[in-house]
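Asker: File name upload.txt; file contents compact mmCIF, C-alpha atoms (C1' of nucleotides); full text below.
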```
# COMPACT_ATOMS: atom_id res chain seq x y z
CA MET Q 6 4.27 -7.20 6.03
CA VAL Q 7 1.21 -8.25 7.94
CA LEU Q 8 -2.11 -9.50 6.69
CA TYR Q 9 -4.26 -6.76 8.10
CA GLN Q 10 -7.17 -7.50 5.83
CA PHE Q 11 -7.42 -11.18 6.38
CA PRO Q 12 -9.38 -11.15 9.64
CA HIS Q 13 -12.00 -8.82 8.20
CA ASN Q 14 -12.21 -10.70 4.97
CA LEU Q 15 -12.69 -13.99 6.71
CA LYS Q 16 -15.47 -12.67 8.87
CA HIS Q 17 -17.02 -10.94 5.92
CA TYR Q 18 -17.15 -14.02 3.75
CA ARG Q 19 -18.24 -16.25 6.58
CA GLN Q 20 -21.18 -14.01 7.27
CA LYS Q 21 -21.93 -13.66 3.61
CA HIS Q 22 -22.30 -17.41 3.53
CA GLN Q 23 -24.36 -17.30 6.68
CA PHE Q 24 -22.06 -19.55 8.61
CA THR Q 25 -21.55 -19.37 12.31
CA GLN Q 26 -18.00 -19.84 13.47
CA GLN Q 27 -19.00 -23.31 14.59
CA GLN Q 28 -20.34 -24.27 11.21
CA LEU Q 29 -17.25 -23.06 9.45
CA ALA Q 30 -15.08 -24.82 11.97
CA ASP Q 31 -16.96 -28.04 11.31
CA LEU Q 32 -16.42 -27.76 7.59
CA LEU Q 33 -12.71 -27.40 8.19
CA LYS Q 34 -12.63 -29.89 11.02
CA VAL Q 35 -10.99 -27.49 13.40
CA SER Q 36 -12.11 -26.08 16.69
CA ARG Q 37 -14.38 -23.08 16.76
CA SER Q 38 -12.05 -21.09 18.93
CA VAL Q 39 -9.40 -21.06 16.29
CA VAL Q 40 -11.81 -19.57 13.81
CA ALA Q 41 -12.46 -16.81 16.31
CA LYS Q 42 -8.75 -16.26 16.62
CA TRP Q 43 -8.34 -16.00 12.89
CA GLU Q 44 -11.09 -13.42 12.74
CA ASN Q 45 -9.53 -11.38 15.47
CA GLY Q 46 -6.09 -11.47 14.03
CA HIS Q 47 -4.48 -13.41 16.82
CA VAL Q 48 -3.33 -16.23 14.66
CA LEU Q 49 -2.96 -17.17 11.02
CA PRO Q 50 -4.18 -20.43 9.51
CA ASP Q 51 -1.64 -22.50 7.66
CA LEU Q 52 -1.45 -22.50 3.91
CA LEU Q 53 -3.59 -25.55 3.46
CA THR Q 54 -6.36 -24.39 5.71
CA ALA Q 55 -6.31 -20.99 4.05
CA LEU Q 56 -6.72 -22.73 0.74
CA LYS Q 57 -9.68 -24.68 2.03
CA LEU Q 58 -11.24 -21.45 3.16
CA SER Q 59 -10.83 -19.91 -0.25
CA ASN Q 60 -12.47 -22.96 -1.76
CA ILE Q 61 -15.38 -22.80 0.60
CA PHE Q 62 -15.92 -19.17 -0.25
CA GLN Q 63 -15.17 -19.66 -3.91
CA ILE Q 64 -12.61 -16.92 -4.06
CA THR Q 65 -8.92 -16.82 -4.71
CA LEU Q 66 -6.49 -17.08 -1.88
CA ASP Q 67 -5.19 -13.67 -2.80
CA THR Q 68 -8.61 -12.21 -2.38
CA LEU Q 69 -9.13 -13.93 0.91
CA ILE Q 70 -5.95 -12.64 2.43
CA GLY Q 71 -6.57 -9.23 0.99
CA VAL Q 72 -3.90 -8.55 -1.56
CA ALA Q 73 -6.17 -8.43 -4.59
CA PRO Q 74 -7.19 -5.03 -5.90
CA GLU Q 75 -10.88 -5.71 -5.66
CA THR Q 76 -12.01 -2.16 -5.50
CA THR Q 77 -10.57 -1.20 -8.84
CA PHE Q 78 -13.96 -0.99 -10.43
CA VAL Q 79 -15.61 0.92 -7.69
CA LEU Q 80 -12.78 3.35 -7.64
CA SER Q 81 -12.56 3.86 -11.36
CA ASP Q 82 -15.96 5.49 -11.23
CA TYR Q 83 -14.59 8.04 -8.90
CA GLN Q 84 -11.48 8.52 -10.85
CA ALA Q 85 -13.56 10.00 -13.61
CA HIS Q 86 -14.99 12.58 -11.28
CA TYR Q 87 -12.03 13.30 -9.13
CA GLN Q 88 -9.10 12.76 -11.36
CA GLU Q 89 -6.89 15.45 -9.93
CA THR Q 90 -7.56 14.46 -6.38
CA ILE Q 91 -6.94 10.80 -6.77
CA ASN Q 92 -3.78 11.22 -8.75
CA ASN Q 93 -2.26 13.09 -5.88
CA LEU Q 94 -2.94 10.27 -3.50
CA ASP Q 95 -1.27 7.03 -2.84
CA GLU Q 96 -3.77 5.20 -4.92
CA SER Q 97 -3.24 1.71 -3.64
CA SER Q 98 -3.60 2.93 -0.11
CA LEU Q 99 -6.96 4.40 -1.03
CA HIS Q 100 -7.97 1.15 -2.67
CA GLN Q 101 -7.18 -0.75 0.44
CA LEU Q 102 -8.96 1.77 2.55
CA ILE Q 103 -12.15 1.53 0.57
CA ASP Q 104 -11.91 -2.20 0.54
CA PHE Q 105 -11.50 -2.14 4.25
CA ILE Q 106 -14.50 0.08 4.75
CA ILE Q 107 -16.66 -2.01 2.48
CA LYS Q 108 -15.97 -5.03 4.60
CA ASN Q 109 -16.36 -3.25 7.89
CA LYS Q 110 -19.98 -2.39 8.35
CA HIS Q 111 -19.56 -1.02 11.79
CA LEU Q 112 -16.96 1.44 10.67
CA GLN Q 113 -19.21 2.41 7.80
CA THR Q 114 -21.95 3.33 10.19
CA GLN Q 115 -19.61 5.32 12.33
CA LEU Q 116 -18.21 7.22 9.40
CA ASP Q 117 -21.64 7.92 8.04
CA LEU Q 118 -22.51 9.54 11.30
CA TYR Q 119 -19.25 11.40 11.44
CA ARG Q 120 -19.78 12.66 7.95
CA THR Q 121 -23.06 14.30 8.85
CA LEU Q 122 -21.71 16.11 11.87
CA PRO Q 123 -20.96 19.81 11.73
CA VAL Q 124 -17.37 20.42 10.80
CA LYS Q 125 -16.61 21.84 14.17
CA GLN Q 126 -17.73 18.67 15.88
CA GLN Q 127 -15.82 16.59 13.36
CA LYS Q 128 -12.70 18.39 14.42
CA THR Q 129 -13.40 17.64 18.02
CA ILE Q 130 -13.60 13.98 17.14
CA ASP Q 131 -10.44 14.27 15.09
CA ARG Q 132 -8.48 15.58 18.02
CA PHE Q 133 -9.74 12.80 20.26
CA LEU Q 134 -8.92 10.19 17.68
CA GLN Q 135 -5.45 11.54 17.18
CA VAL Q 136 -4.70 11.25 20.86
CA ALA Q 137 -6.17 7.78 21.11
CA MET Q 138 -4.23 6.45 18.15
CA ASP Q 139 -1.00 8.02 19.28
CA GLU Q 140 -1.47 6.29 22.59
CA LEU Q 141 -2.07 2.94 20.98
CA LYS Q 142 0.84 3.29 18.63
CA LYS Q 143 3.16 3.22 21.58
CA TYR Q 144 2.49 -0.43 22.12
CA MET Z 3 -5.91 -31.96 -0.05
CA VAL Z 4 -2.20 -31.62 -0.45
CA LEU Z 5 -0.21 -29.07 -2.36
CA TYR Z 6 1.54 -31.41 -4.73
CA GLN Z 7 2.41 -28.67 -7.15
CA PHE Z 8 3.88 -26.21 -4.79
CA PRO Z 9 7.34 -27.71 -4.47
CA HIS Z 10 7.71 -27.95 -8.23
CA ASN Z 11 6.37 -24.49 -8.77
CA LEU Z 12 8.68 -23.01 -6.23
CA LYS Z 13 11.72 -24.61 -7.75
CA HIS Z 14 10.58 -23.66 -11.21
CA TYR Z 15 10.09 -20.01 -10.43
CA ARG Z 16 13.26 -19.81 -8.43
CA GLN Z 17 15.26 -21.17 -11.32
CA LYS Z 18 13.40 -19.02 -13.77
CA HIS Z 19 14.59 -16.04 -11.76
CA GLN Z 20 18.06 -17.52 -11.61
CA PHE Z 21 18.22 -17.63 -7.87
CA THR Z 22 20.11 -20.18 -5.88
CA GLN Z 23 18.38 -21.45 -2.78
CA GLN Z 24 20.74 -19.31 -0.77
CA GLN Z 25 19.86 -16.16 -2.64
CA LEU Z 26 16.16 -16.77 -2.27
CA ALA Z 27 16.63 -17.56 1.39
CA ASP Z 28 18.46 -14.29 1.84
CA LEU Z 29 15.64 -12.36 0.23
CA LEU Z 30 13.21 -13.92 2.66
CA LYS Z 31 15.59 -13.82 5.56
CA VAL Z 32 15.26 -17.50 6.27
CA SER Z 33 17.78 -20.29 6.28
CA ARG Z 34 18.66 -22.02 3.07
CA SER Z 35 17.80 -25.42 4.38
CA VAL Z 36 14.19 -24.48 4.78
CA VAL Z 37 14.01 -23.47 1.15
CA ALA Z 38 15.30 -26.88 0.26
CA LYS Z 39 12.64 -28.43 2.42
CA TRP Z 40 9.94 -26.43 0.71
CA GLU Z 41 11.19 -27.56 -2.66
CA ASN Z 42 11.21 -31.17 -1.60
CA GLY Z 43 7.79 -31.07 -0.05
CA HIS Z 44 8.89 -31.78 3.48
CA VAL Z 45 7.46 -28.64 4.89
CA LEU Z 46 5.16 -25.78 3.92
CA PRO Z 47 5.96 -22.10 4.39
CA ASP Z 48 3.52 -20.09 6.43
CA LEU Z 49 0.98 -17.84 4.80
CA LEU Z 50 3.07 -14.73 5.09
CA THR Z 51 6.19 -16.26 3.67
CA ALA Z 52 4.20 -17.76 0.84
CA LEU Z 53 2.86 -14.33 0.08
CA LYS Z 54 6.36 -12.91 0.01
CA LEU Z 55 7.34 -15.61 -2.44
CA SER Z 56 4.47 -14.75 -4.72
CA ASN Z 57 5.56 -11.12 -4.59
CA ILE Z 58 9.12 -11.97 -5.44
CA PHE Z 59 8.02 -14.02 -8.41
CA GLN Z 60 5.31 -11.57 -9.37
CA ILE Z 61 2.59 -14.17 -9.48
CA THR Z 62 -0.53 -14.76 -7.48
CA LEU Z 63 -0.44 -16.96 -4.46
CA ASP Z 64 -2.90 -19.27 -6.13
CA THR Z 65 -0.56 -19.71 -9.04
CA LEU Z 66 2.39 -20.34 -6.80
CA ILE Z 67 0.70 -23.07 -4.85
CA GLY Z 68 -0.73 -24.48 -8.03
CA VAL Z 69 -4.47 -24.33 -7.68
CA ALA Z 70 -5.24 -21.62 -10.15
CA PRO Z 71 -6.23 -21.54 -13.71
CA GLU Z 72 -5.65 -17.95 -12.85
CA THR Z 73 -7.60 -15.88 -15.25
CA THR Z 74 -10.96 -17.56 -14.96
CA PHE Z 75 -10.97 -17.64 -11.24
CA VAL Z 76 -9.73 -14.15 -10.70
CA LEU Z 77 -12.32 -12.75 -13.02
CA SER Z 78 -15.15 -14.41 -11.21
CA ASP Z 79 -13.74 -12.87 -8.07
CA TYR Z 80 -14.42 -9.45 -9.35
CA GLN Z 81 -17.87 -10.35 -10.38
CA ALA Z 82 -18.72 -11.87 -7.07
CA HIS Z 83 -17.30 -9.00 -5.20
CA TYR Z 84 -18.93 -6.40 -7.33
CA GLN Z 85 -22.34 -7.88 -6.87
CA GLU Z 86 -22.06 -8.41 -3.23
CA THR Z 87 -20.72 -5.03 -2.31
CA ILE Z 88 -22.82 -2.90 -4.50
CA ASN Z 89 -26.03 -4.79 -4.12
CA ASN Z 90 -25.86 -5.48 -0.46
CA LEU Z 91 -25.02 -2.04 0.71
CA ASP Z 92 -26.94 1.10 0.65
CA GLU Z 93 -25.20 2.10 -2.49
CA SER Z 94 -25.59 5.82 -2.33
CA SER Z 95 -24.42 5.86 1.23
CA LEU Z 96 -21.23 4.08 0.27
CA HIS Z 97 -20.64 6.38 -2.63
CA GLN Z 98 -21.09 9.41 -0.48
CA LEU Z 99 -18.77 7.94 2.04
CA ILE Z 100 -16.05 7.33 -0.49
CA ASP Z 101 -16.62 10.76 -1.86
CA PHE Z 102 -16.22 12.19 1.55
CA ILE Z 103 -13.05 10.29 2.24
CA ILE Z 104 -11.48 11.22 -1.04
CA LYS Z 105 -11.95 14.85 -0.21
CA ASN Z 106 -10.75 14.55 3.34
CA LYS Z 107 -7.08 13.80 3.43
CA HIS Z 108 -6.75 14.06 7.11
CA LEU Z 109 -9.43 11.46 7.66
CA GLN Z 110 -7.73 9.26 5.13
CA THR Z 111 -4.53 9.33 7.06
CA GLN Z 112 -6.34 8.54 10.26
CA LEU Z 113 -8.21 5.65 8.73
CA ASP Z 114 -5.08 4.27 7.18
CA LEU Z 115 -3.57 4.16 10.59
CA TYR Z 116 -6.67 2.67 12.09
CA ARG Z 117 -6.76 0.04 9.41
CA THR Z 118 -3.35 -1.22 10.30
CA LEU Z 119 -4.00 -1.49 14.00
CA PRO Z 120 -4.65 -4.88 15.56
CA VAL Z 121 -8.33 -5.65 15.64
CA LYS Z 122 -8.40 -5.39 19.38
CA GLN Z 123 -7.08 -1.87 19.32
CA GLN Z 124 -9.48 -1.00 16.56
CA LYS Z 125 -12.26 -2.01 18.85
CA THR Z 126 -10.95 0.19 21.59
CA ILE Z 127 -11.09 3.08 19.20
CA ASP Z 128 -14.54 2.03 18.09
CA ARG Z 129 -15.92 2.13 21.58
CA PHE Z 130 -14.31 5.44 22.13
CA LEU Z 131 -15.72 6.89 18.96
CA GLN Z 132 -19.14 5.56 19.75
CA VAL Z 133 -19.23 7.40 23.04
CA ALA Z 134 -17.90 10.59 21.56
CA MET Z 135 -20.40 10.59 18.75
CA ASP Z 136 -23.30 9.75 20.98
CA GLU Z 137 -22.34 12.67 23.11
CA LEU Z 138 -22.20 15.04 20.21
CA LYS Z 139 -25.46 13.84 18.76
CA LYS Z 140 -27.25 15.18 21.79
CA TYR Z 141 -26.63 18.72 20.69
C1' DA R 27 41.84 -35.34 -8.47
C1' DT R 28 40.51 -31.51 -5.89
C1' DT R 29 38.12 -27.70 -4.73
C1' DC R 30 33.98 -25.05 -4.86
C1' DT R 31 29.15 -24.45 -5.35
C1' DC R 32 24.76 -26.02 -4.88
C1' DT R 33 21.50 -28.98 -2.95
C1' DG R 34 19.48 -32.61 0.23
C1' DT R 35 18.83 -34.60 4.97
C1' DT R 36 18.93 -35.24 10.04
C1' DC R 37 18.52 -33.77 14.57
C1' DT R 38 17.32 -30.30 17.92
C1' DT R 39 15.16 -26.15 19.25
C1' DT R 40 11.90 -22.70 18.84
C1' DT R 41 7.91 -20.90 17.20
C1' DT R 42 3.23 -21.00 16.49
C1' DA R 43 -1.14 -22.43 16.16
C1' DA R 44 -4.63 -25.73 17.97
C1' DG R 45 -7.93 -27.17 21.44
C1' DA R 46 -10.55 -27.03 25.88
C1' DA R 47 -12.52 -24.44 29.21
C1' DC R 48 -14.09 -20.25 30.70
C1' DA R 49 -16.01 -15.37 29.97
C1' DT R 50 -18.49 -12.17 27.57
C1' DT R 51 -21.70 -10.34 24.38
C1' DA R 52 -25.70 -10.47 21.53
C1' DT R 53 -30.18 -12.27 20.32
C1' DA R 54 -34.48 -14.20 20.97
C1' DT R 55 -38.53 -15.22 23.69
C1' DA R 56 -41.63 -15.07 27.44
C1' DT N 26 -37.83 -6.12 31.04
C1' DA N 27 -35.96 -10.37 32.65
C1' DT N 28 -34.27 -14.67 31.43
C1' DA N 29 -32.64 -18.15 28.49
C1' DT N 30 -29.94 -19.47 24.57
C1' DA N 31 -26.85 -18.86 21.03
C1' DA N 32 -22.77 -16.84 19.23
C1' DT N 33 -18.47 -14.95 19.87
C1' DG N 34 -14.11 -13.71 22.34
C1' DT N 35 -10.12 -14.91 25.49
C1' DT N 36 -6.81 -17.53 28.32
C1' DC N 37 -3.99 -21.18 29.39
C1' DT N 38 -1.89 -25.44 28.16
C1' DT N 39 -0.56 -28.76 24.92
C1' DA N 40 0.78 -30.32 20.60
C1' DA N 41 2.41 -29.71 16.03
C1' DA N 42 5.23 -28.09 12.65
C1' DA N 43 8.59 -25.49 10.75
C1' DA N 44 13.08 -23.17 11.46
C1' DG N 45 18.04 -23.47 11.84
C1' DA N 46 22.65 -25.63 12.24
C1' DA N 47 25.48 -29.08 10.99
C1' DC N 48 26.58 -32.71 8.20
C1' DA N 49 26.46 -35.32 3.64
C1' DG N 50 26.32 -35.94 -1.13
C1' DA N 51 26.33 -34.60 -6.05
C1' DG N 52 27.89 -32.04 -9.86
C1' DA N 53 30.80 -28.63 -12.32
C1' DA N 54 35.12 -26.16 -13.08
C1' DT N 55 39.91 -25.88 -13.00
```
Show me the file's structure as structure tokens.
Answerer:
Amino acid sequence: MVLYQFPHNLKHYRQKHQFTQQQLADLLKVSRSVVAKWENGHVLPDLLTALKLSNIFQITLDTLIGVAPETTFVLSDYQAHYQETINNLDESSLHQLIDFIIKNKHLQTQLDLYRTLPVKQQKTIDRFLQVAMDELKKY
Amino acid sequence: MVLYQFPHNLKHYRQKHQFTQQQLADLLKVSRSVVAKWENGHVLPDLLTALKLSNIFQITLDTLIGVAPETTFVLSDYQAHYQETINNLDESSLHQLIDFIIKNKHLQTQLDLYRTLPVKQQKTIDRFLQVAMDELKKY
DNA sequence: ATTCTCTGTTCTTTTTAAGAACATTATATA
DNA sequence: TATATAATGTTCTTAAAAAGAACAGAGAAT
């Protein structure tokens, strides 16, 4: 079990509150570099600091570290339309995926582009991606 | 800010589930003595271990560490999140994106993998994708 | 009274995150 | 576009804090 979502969430909420890393660090009385490390998944804050973060952002700790099913509402709309499809899927995985995308603007942009490519070109990308990820998985 | 409640809560939920310290320690794959230390407030578990505890007891992390009048807070989470995501984004773009993903299993699998990569590796992929897409856009 | 189980504490080691300094990237302004 | 400035990312070292093992004590059962 690893907190994959936490780095994204932290960055997301920090930016939502228009803080720079420095400003957030000051609020917590920690160094800025450690904030950067949290956001890049190199290190996890301790329980107390995590709690302070959730207070600053006015969210639950569970939400901050990304275990709360936030996208339930968004998804339920789609469930109406795509009932058969969604039931076949691992639903929670899809939830997490959407959540992830919502918080990752850059990826959103990429996917939006990808989406509008001709299918043939999409497949080209797919093949590339596959290779790249397989490579990375080795480590 | 100190987590006064946590030790009590931990002990309470452990006993409620009829675990000895040893049994709980085994579930978490830690030593028993550290469980004792948690319960006596000498030491705090790290974020990940705390999360595991909340899973074992089937409660939120906020409840476990004793900061949550759960229901109120959690609810406002949804509200906050709902507003921010839906209002801030280009809504239709997001919907189309989700739509697209739901229909594209292969992409889902890829993204699920991507999501669980370390941020650094994600960025490698990002750069890669960027180049590939830019190339394709020329045609 | 004795054994067994459960829990608490101490001491040492190991793990892990924190901070400072440096490097890079992004943004603004001329 | 070039340059300056701000913001972010990374590395290396140090410091902190928790983990584990071993020992100690308390309570229950026989």
Asker: Would you kindly return, as a ChimeraX atom specification, each protein, DNA or RNA residue with an atom no farther than 10 Å from any atom of Trp40 (chain Z), considering only C-alpha atoms (C1' of nucleotides) and excluding same-chain residues fewer than 5 positions away?
Answerer: /Z:8-10,12-13,35,45-47
Asker: Of the candidates Z:Val121, Z:Leu63, Z:Ile103, Z:Val133, which shows the shortest atom-to-atom distance to chain N, using only C-alpha atoms (C1' of nucleotides)?
Answerer: Z:Val121
Asker: Give as a VMD selection string every residue of chain N that touches chain Q within 12 Å, counting all atoms listed in the file.
Answerer: chain N and resid 31 to 36 41 to 43
Asker: So how many Å separate CA of Tyr119 (chain Q) and CA of Ile127 (chain Z), to one decimal?
Answerer: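 For CA of Tyr119 (chain Q) relative to CA of Ile127 (chain Z), the distance reads 14.0 Å.
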Asker: I need the chain R residues near chain Z as a ChimeraX atom specification; criterion: at most 8 Å, counting all atoms listed in the file.
Answerer: /R:32-34
Asker: Point out the residue among Q:Lys34, Q:Lys125, Q:Ile64, Q:Thr114 with the least atom-to-atom distance to chain Z, counting only C-alpha atoms.
Answerer: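 Closest candidate: Q:Ile64.
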Asker: Could you check the closest approach to chain Z for each of Q:Arg19, Q:Leu53, Q:Arg132, Q:Ala30 and tell me which residue wins, using only C-alpha atoms?
Answerer: Q:Leu53
